[in-house]
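Novice: One file: start-v6.txt (compact mmCIF, C-alpha atoms).
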# COMPACT_ATOMS: atom_id res chain seq x y z
CA MET A 1 170.73 114.03 37.49
CA ARG A 2 172.68 110.98 36.41
CA ASP A 3 175.58 113.13 35.18
CA PHE A 4 175.61 114.97 38.51
CA VAL A 5 175.81 111.73 40.50
CA VAL A 6 178.57 110.36 38.25
CA LYS A 7 180.56 113.59 38.60
CA MET A 8 180.15 113.57 42.39
CA VAL A 9 181.38 109.96 42.61
CA GLN A 10 184.36 110.79 40.39
CA ASN A 11 185.25 113.76 42.58
CA MET A 12 185.06 111.60 45.70
CA PHE A 13 187.53 109.12 44.25
CA ARG A 14 189.75 111.86 42.84
CA THR A 15 190.01 113.61 46.22
CA GLY A 16 191.27 110.59 48.14
CA PHE A 17 188.06 108.71 48.90
CA LEU A 18 189.74 105.31 48.64
CA VAL A 19 192.61 106.29 50.95
CA ARG A 20 190.28 107.68 53.60
CA ALA A 21 187.87 104.77 53.32
CA SER A 22 190.73 102.26 53.61
CA HIS A 23 192.12 104.00 56.69
CA THR A 24 188.71 104.08 58.37
CA LEU A 25 187.93 100.46 57.49
CA LEU A 26 191.31 99.24 58.73
CA THR A 27 190.90 101.17 61.99
CA TRP A 28 187.52 99.65 62.78
CA VAL A 29 188.46 96.13 61.67
CA ILE A 30 191.40 96.13 64.09
CA THR A 31 189.20 97.61 66.84
CA VAL A 32 186.60 94.87 66.35
CA VAL A 33 189.31 92.17 66.42
CA LEU A 34 190.61 93.52 69.74
CA PHE A 35 187.11 93.52 71.24
CA LEU A 36 186.13 90.06 69.99
CA HIS A 37 189.26 88.19 71.11
CA ASN A 38 189.92 87.28 74.73
CA THR A 39 191.85 90.48 75.43
CA ASP A 40 191.86 92.76 78.47
CA LEU A 41 189.03 94.74 76.85
CA ARG A 42 186.87 91.63 76.44
CA ARG A 43 187.59 90.46 79.99
CA CYS A 44 186.67 93.90 81.35
CA GLU A 45 183.36 93.74 79.48
CA GLU A 46 182.63 90.28 80.87
CA ARG A 47 183.26 91.52 84.41
CA GLY A 48 180.99 94.50 83.84
CA GLU A 49 183.88 96.97 84.04
CA LEU A 50 183.07 99.18 81.07
CA LEU A 51 185.27 102.22 81.81
CA LEU A 52 188.42 101.04 80.00
CA PRO A 53 186.58 99.63 76.96
CA ALA A 54 184.57 102.86 76.68
CA LEU A 55 187.72 105.02 76.96
CA PHE A 56 189.49 102.95 74.30
CA PHE A 57 186.49 103.19 71.97
CA LEU A 58 186.22 106.96 72.47
CA LEU A 59 189.94 107.39 71.81
CA VAL A 60 189.59 105.48 68.54
CA VAL A 61 186.63 107.67 67.57
CA LEU A 62 188.67 110.79 68.41
CA SER A 63 191.56 109.59 66.24
CA VAL A 64 189.21 108.99 63.29
CA LEU A 65 187.59 112.41 63.71
CA LEU A 66 191.01 114.10 63.83
CA TYR A 67 192.08 112.15 60.76
CA PHE A 68 189.12 113.47 58.75
CA THR A 69 189.59 116.97 60.17
CA VAL A 70 193.17 117.16 58.93
CA SER A 71 192.37 115.34 55.71
CA LEU A 72 189.42 117.46 54.61
CA MET A 73 190.18 120.94 55.95
CA ASP A 74 191.81 123.75 54.00
CA PRO A 75 195.57 123.54 54.77
CA GLY A 76 196.01 127.21 53.95
CA PHE A 77 195.55 127.55 50.20
CA VAL A 78 196.66 130.86 48.71
CA LEU A 79 193.50 132.31 47.18
CA THR A 80 194.70 135.76 46.09
CA ASP A 81 197.89 137.42 44.93
CA THR A 82 197.16 140.86 46.38
CA ALA A 83 199.31 142.39 49.13
CA LYS A 84 196.23 142.38 51.32
CA GLY A 85 195.86 138.65 50.88
CA VAL A 86 199.49 138.09 51.87
CA HIS A 87 199.64 140.40 54.85
CA GLY A 88 196.11 139.86 56.10
CA SER A 89 193.13 142.15 56.10
CA SER A 90 193.90 143.78 59.44
CA GLU A 91 194.86 147.43 59.03
CA GLU A 92 196.93 147.18 62.20
CA THR A 93 198.92 144.28 60.74
CA GLU A 94 199.48 146.05 57.43
CA SER A 95 200.69 149.21 59.15
CA MET A 96 203.31 147.22 61.07
CA ILE A 97 205.12 146.25 57.86
CA PRO A 98 206.94 149.04 56.04
CA GLU A 99 206.25 148.61 52.32
CA SER A 100 209.86 149.31 51.42
CA SER A 101 211.27 146.64 53.72
CA THR A 102 208.89 143.83 52.83
CA PRO A 103 210.61 141.02 50.86
CA ARG A 104 209.34 140.96 47.30
CA LEU A 105 206.68 138.43 46.46
CA ARG A 106 207.33 135.56 44.06
CA ARG A 107 204.82 134.57 41.44
CA CYS A 108 204.06 130.86 41.21
CA GLY A 109 204.89 129.42 37.81
CA PHE A 110 201.95 127.00 37.98
CA CYS A 111 198.91 128.79 39.43
CA LEU A 112 200.31 132.30 38.63
CA LEU A 113 199.57 133.66 42.12
CA GLN A 114 202.01 135.68 44.20
CA GLN A 115 203.30 133.48 47.00
CA PRO A 116 203.58 134.71 50.60
CA MET A 117 206.84 133.81 52.29
CA ARG A 118 207.11 130.10 53.25
CA ALA A 119 204.37 129.17 50.75
CA LYS A 120 204.94 126.53 48.08
CA HIS A 121 202.99 125.11 45.18
CA CYS A 122 201.85 121.52 45.69
CA GLN A 123 201.96 119.51 42.47
CA THR A 124 199.39 117.03 43.81
CA CYS A 125 196.81 119.53 45.07
CA LYS A 126 197.68 121.96 42.24
CA ARG A 127 197.46 124.87 44.69
CA CYS A 128 199.90 127.08 46.59
CA VAL A 129 199.85 126.42 50.36
CA ARG A 130 200.83 128.88 53.10
CA ARG A 131 203.69 127.70 55.35
CA PHE A 132 203.84 124.53 53.29
CA ASP A 133 205.16 121.53 55.22
CA HIS A 134 204.51 118.53 52.96
CA HIS A 135 201.83 116.70 51.02
CA CYS A 136 200.72 113.68 53.04
CA PRO A 137 199.56 110.70 50.92
CA TRP A 138 198.14 109.14 54.10
CA MET A 139 195.80 112.14 54.44
CA GLU A 140 195.47 112.87 50.71
CA ASN A 141 195.93 116.51 51.64
CA CYS A 142 198.67 119.04 52.18
CA VAL A 143 199.91 119.88 55.66
CA GLY A 144 200.19 123.64 55.89
CA GLU A 145 199.61 126.67 58.07
CA ARG A 146 195.97 125.96 58.95
CA ASN A 147 196.05 122.22 59.65
CA HIS A 148 199.65 121.53 60.76
CA ARG A 149 198.87 121.81 64.48
CA TRP A 150 195.93 119.44 64.06
CA PHE A 151 198.17 117.03 62.17
CA VAL A 152 200.56 116.90 65.14
CA VAL A 153 197.67 116.50 67.59
CA TYR A 154 196.32 113.68 65.41
CA LEU A 155 199.72 111.94 65.45
CA LEU A 156 199.82 112.17 69.24
CA VAL A 157 196.30 110.74 69.66
CA GLN A 158 196.98 108.06 67.04
CA LEU A 159 200.14 107.03 68.86
CA LEU A 160 198.22 106.65 72.13
CA VAL A 161 195.64 104.47 70.34
CA LEU A 162 198.33 102.32 68.71
CA LEU A 163 200.33 101.77 71.90
CA TRP A 164 197.16 100.90 73.81
CA ALA A 165 196.11 98.56 70.99
CA LEU A 166 199.51 96.83 71.16
CA HIS A 167 199.07 96.26 74.88
CA VAL A 168 195.53 95.00 74.42
CA GLY A 169 196.51 92.72 71.53
CA LEU A 170 199.38 91.14 73.44
CA SER A 171 197.06 90.47 76.37
CA GLY A 172 194.88 88.32 74.11
CA ILE A 173 197.55 85.91 72.83
CA SER A 174 196.52 82.43 73.95
CA ASN A 175 198.50 79.21 74.23
CA GLY A 176 198.10 76.27 71.87
CA ILE A 177 198.99 72.59 72.01
CA THR A 178 200.65 72.75 68.59
CA TRP A 179 201.96 75.57 66.40
CA GLU A 180 199.11 75.00 63.97
CA LEU A 181 196.47 75.36 66.67
CA TRP A 182 198.29 78.38 68.10
CA PHE A 183 198.31 80.15 64.72
CA ARG A 184 194.71 79.17 64.08
CA GLY A 185 193.59 80.58 67.43
CA ASN A 186 195.65 83.78 67.22
CA GLY A 187 195.81 84.41 63.48
CA PHE A 188 193.57 87.47 63.28
CA LEU A 189 195.08 88.92 66.43
CA LEU A 190 198.64 88.42 65.13
CA ALA A 191 197.71 90.11 61.84
CA ALA A 192 196.23 93.05 63.76
CA LEU A 193 199.34 93.27 65.95
CA ALA A 194 201.60 93.29 62.87
CA VAL A 195 199.68 96.19 61.31
CA VAL A 196 199.55 98.10 64.60
CA GLY A 197 203.28 97.53 65.15
CA VAL A 198 204.23 98.90 61.72
CA PHE A 199 201.99 101.94 62.13
CA SER A 200 203.37 102.54 65.63
CA VAL A 201 206.93 102.80 64.32
CA VAL A 202 205.85 105.13 61.50
CA VAL A 203 203.84 107.40 63.82
CA VAL A 204 206.64 107.57 66.42
CA LEU A 205 209.11 108.67 63.74
CA LEU A 206 206.69 111.19 62.24
CA LEU A 207 205.72 112.65 65.60
CA GLY A 208 209.34 112.92 66.73
CA CYS A 209 210.40 114.66 63.50
CA HIS A 210 207.50 117.11 63.54
CA LEU A 211 207.91 118.00 67.21
CA TYR A 212 211.59 118.75 66.56
CA LEU A 213 210.80 120.87 63.49
CA VAL A 214 208.04 122.72 65.33
CA SER A 215 210.38 123.43 68.25
CA VAL A 216 212.80 125.21 65.89
CA ASN A 217 210.03 126.74 63.71
CA CYS A 218 211.06 124.94 60.55
CA THR A 219 208.95 123.04 58.02
CA THR A 220 209.74 119.71 56.40
CA TRP A 221 210.11 121.43 53.04
CA GLU A 222 212.52 124.04 54.45
CA PHE A 223 214.53 121.36 56.26
CA MET A 224 214.87 119.12 53.20
CA SER A 225 215.31 121.85 50.55
CA ARG A 226 217.06 124.63 52.44
CA HIS A 227 219.78 124.97 49.78
CA ARG A 228 217.13 125.71 47.11
CA ILE A 229 215.06 128.25 49.06
CA SER A 230 216.09 131.81 48.26
CA TYR A 231 215.02 133.44 51.54
CA LEU A 232 217.21 131.01 53.54
CA LYS A 233 220.38 131.29 51.44
CA THR A 234 221.58 134.41 53.27
CA PHE A 235 221.70 132.47 56.57
CA ARG A 236 224.17 129.85 57.74
CA ASP A 237 223.00 126.24 58.02
CA GLU A 238 222.48 126.51 61.79
CA GLU A 239 220.51 129.78 61.52
CA ASN A 240 216.76 130.09 61.10
CA PRO A 241 215.17 133.55 60.71
CA PHE A 242 211.84 132.27 62.06
CA ASP A 243 213.18 130.64 65.25
CA ARG A 244 212.02 132.45 68.42
CA GLY A 245 213.17 129.85 70.94
CA VAL A 246 211.64 126.49 71.83
CA PHE A 247 208.95 127.76 74.22
CA CYS A 248 207.79 130.61 71.97
CA ASN A 249 207.85 128.36 68.90
CA LEU A 250 205.69 125.71 70.60
CA TRP A 251 203.34 128.34 72.05
CA ASP A 252 202.88 130.07 68.70
CA PHE A 253 202.36 126.76 66.90
CA PHE A 254 199.76 125.26 69.23
CA CYS A 255 198.09 128.32 70.75
CA ILE A 256 198.14 131.14 68.17
CA CYS A 257 195.37 130.55 65.63
CA ARG A 258 195.93 133.27 63.06
CA THR A 259 197.71 133.88 59.77
CA VAL A 260 201.30 134.85 60.57
CA VAL A 261 203.01 137.56 58.52
CA TRP A 262 206.28 135.71 57.94
CA GLU A 263 207.70 138.65 55.96
CA GLN A 264 207.64 140.68 59.15
CA VAL A 265 209.32 137.95 61.22
CA TYR A 266 211.93 137.44 58.52
CA GLN A 267 212.68 141.15 58.26
CA ARG A 268 213.68 141.34 61.93
CA ASN A 269 216.44 138.75 61.46
CA SER A 270 217.46 139.11 57.82
CA PRO A 271 220.82 140.77 57.10
CA ASN A 272 219.60 141.66 53.62
CA PRO A 273 216.07 141.73 52.19
CA VAL A 274 215.24 139.05 49.65
Rewrite the structure of this file - the entire thing - as C-alpha cells.
Specialist:
Amino acid sequence: MRDFVVKMVQNMFRTGFLVRASHTLLTWVITVVLFLHNTDLRRCEERGELLLPALFFLLVVLSVLLYFTVSLMDPGFVLTDTAKGVHGSSEETESMIPESSTPRLRRCGFCLLQQPMRAKHCQTCKRCVRRFDHHCPWMENCVGERNHRWFVVYLLVQLLVLLWALHVGLSGISNGITWELWFRGNGFLLAALAVVGVFSVVVVLLLGCHLYLVSVNCTTWEFMSRHRISYLKTFRDEENPFDRGVFCNLWDFFCICRTVVWEQVYQRNSPNPV
C-alpha cells in the first residue's frame, strides 16, 4: 500500500502537478485579493448588488475548469500504426481514400509507430500526437487535434477574466498621504495587477497567433518548421494544402468534432504524392 501511494504521488508530480497547482493557487489568490480590497466588486457586494461579483466568480471558475480540461485530456495520441488507426474505423471514410493515392506513412523513430499526416512525436510527452501544434509548458500537455479547439476557447475565456481583473484592480487603487502609505495600502493589489498585466499580454499574443493559424488551417509546428516538413516541400511558401478558406477553416476547427483524414485533404491539392 505504501509503495502504491508513493508511486501515485510521484506520477502526480511527474505529470505536471506542480505547474497545475501553481496556476490554480495563483488564480485564486489574485481573485481573493480583488474581492478583499475596496474594488468595484467589493463595493457591489456592500450595496447588495451580487450579479457582477457572481458573474466574475463564475468566469474564473470556468477558466480554471477549461484549464484542467485542456491540461488533462488526450490531445490526440497516436495509439496504433495500422491503416485503420490512421484513416479511422469508418468503412465509408476508408472507401473514400484510394489506397494507391494515399501518401505513404512515416514510422516514428522514437515510439516506432506509423504517423498519420500532420502528426509529430513530442519529446516531452514521449508520444506521437495527431495534428501536433505544440507542447505547452503552461498546460504540461501537448496541444493537438483533440484539445486544440478547447485550448483556443480557454485562451479567450482567460483573456476576458484577465481584462476584467485589470479593470477591477485599477478601480481599487486608493490614495495615500505619502508614497510609503500608498504602497503599504495598495501593495497586494499592485502585485496582483502586475501579474495580471503580464499574463494579459501573453494571452493576447497567444490568442492572436492561434486565431490566425486556425484561420489558414496551419499549426504552430508547420508554421515554424515548414522547411523541414516533407509533405509541405512541394508547395510554395504562400501555399497550404489544408487551407479551405477562412470561414470553412474556422467552421471545421470549432464545429467539426471528428478525426480528420488529412491524407485525403492533402491528396486533393498535392501536385505529387509524398
Novice: For Leu65 of chain A, list every protein, DNA or RNA residue within 10 Å, evaluated using all atoms listed in the file, and leave out those in the same chain fewer than 6 positions away; present the list as an MDAnalysis selection string.
Specialist: chainID A and resid 24 59 71 154
Novice: Could you list, as JSON, numbers by chain, every residue within 12 Å of segment 187-197 of chain A, counting only C-alpha atoms and ignoring same-chain residues fewer than 4 positions away?
Specialist: {"A": [23, 26, 27, 28, 29, 30, 31, 32, 33, 34, 35, 36, 37, 38, 39, 158, 159, 160, 161, 162, 163, 164, 165, 166, 167, 168, 169, 170, 171, 172, 173, 174, 176, 179, 180, 181, 182, 183, 201, 202, 203, 204]}
Novice: What does the structure give for the distance between atom CA of Tyr67 of chain A and atom CA of Glu145 of chain A, in Å to one decimal?
Specialist: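 One can read the atom CA of Tyr67 of chain A to atom CA of Glu145 of chain A distance as 16.6 Å.
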Novice: Could you check which of A:Leu205, A:Val152, A:Leu79, A:Ile177 is closest to Arg130 of chain A, using only C-alpha atoms?
Specialist: A:Leu79
Novice: Atom CA of Trp262 of chain A and atom CA of Arg131 of chain A, how far apart in Å?
Specialist: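 Between these atoms lies a distance of 8.8 Å.
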Novice: May I ask for the distance between atom CA of Gln114 of chain A and atom CA of Ser230 of chain A, given in Å to one decimal place?
Specialist: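 For atom CA of Gln114 of chain A relative to atom CA of Ser230 of chain A, the distance reads 15.2 Å.
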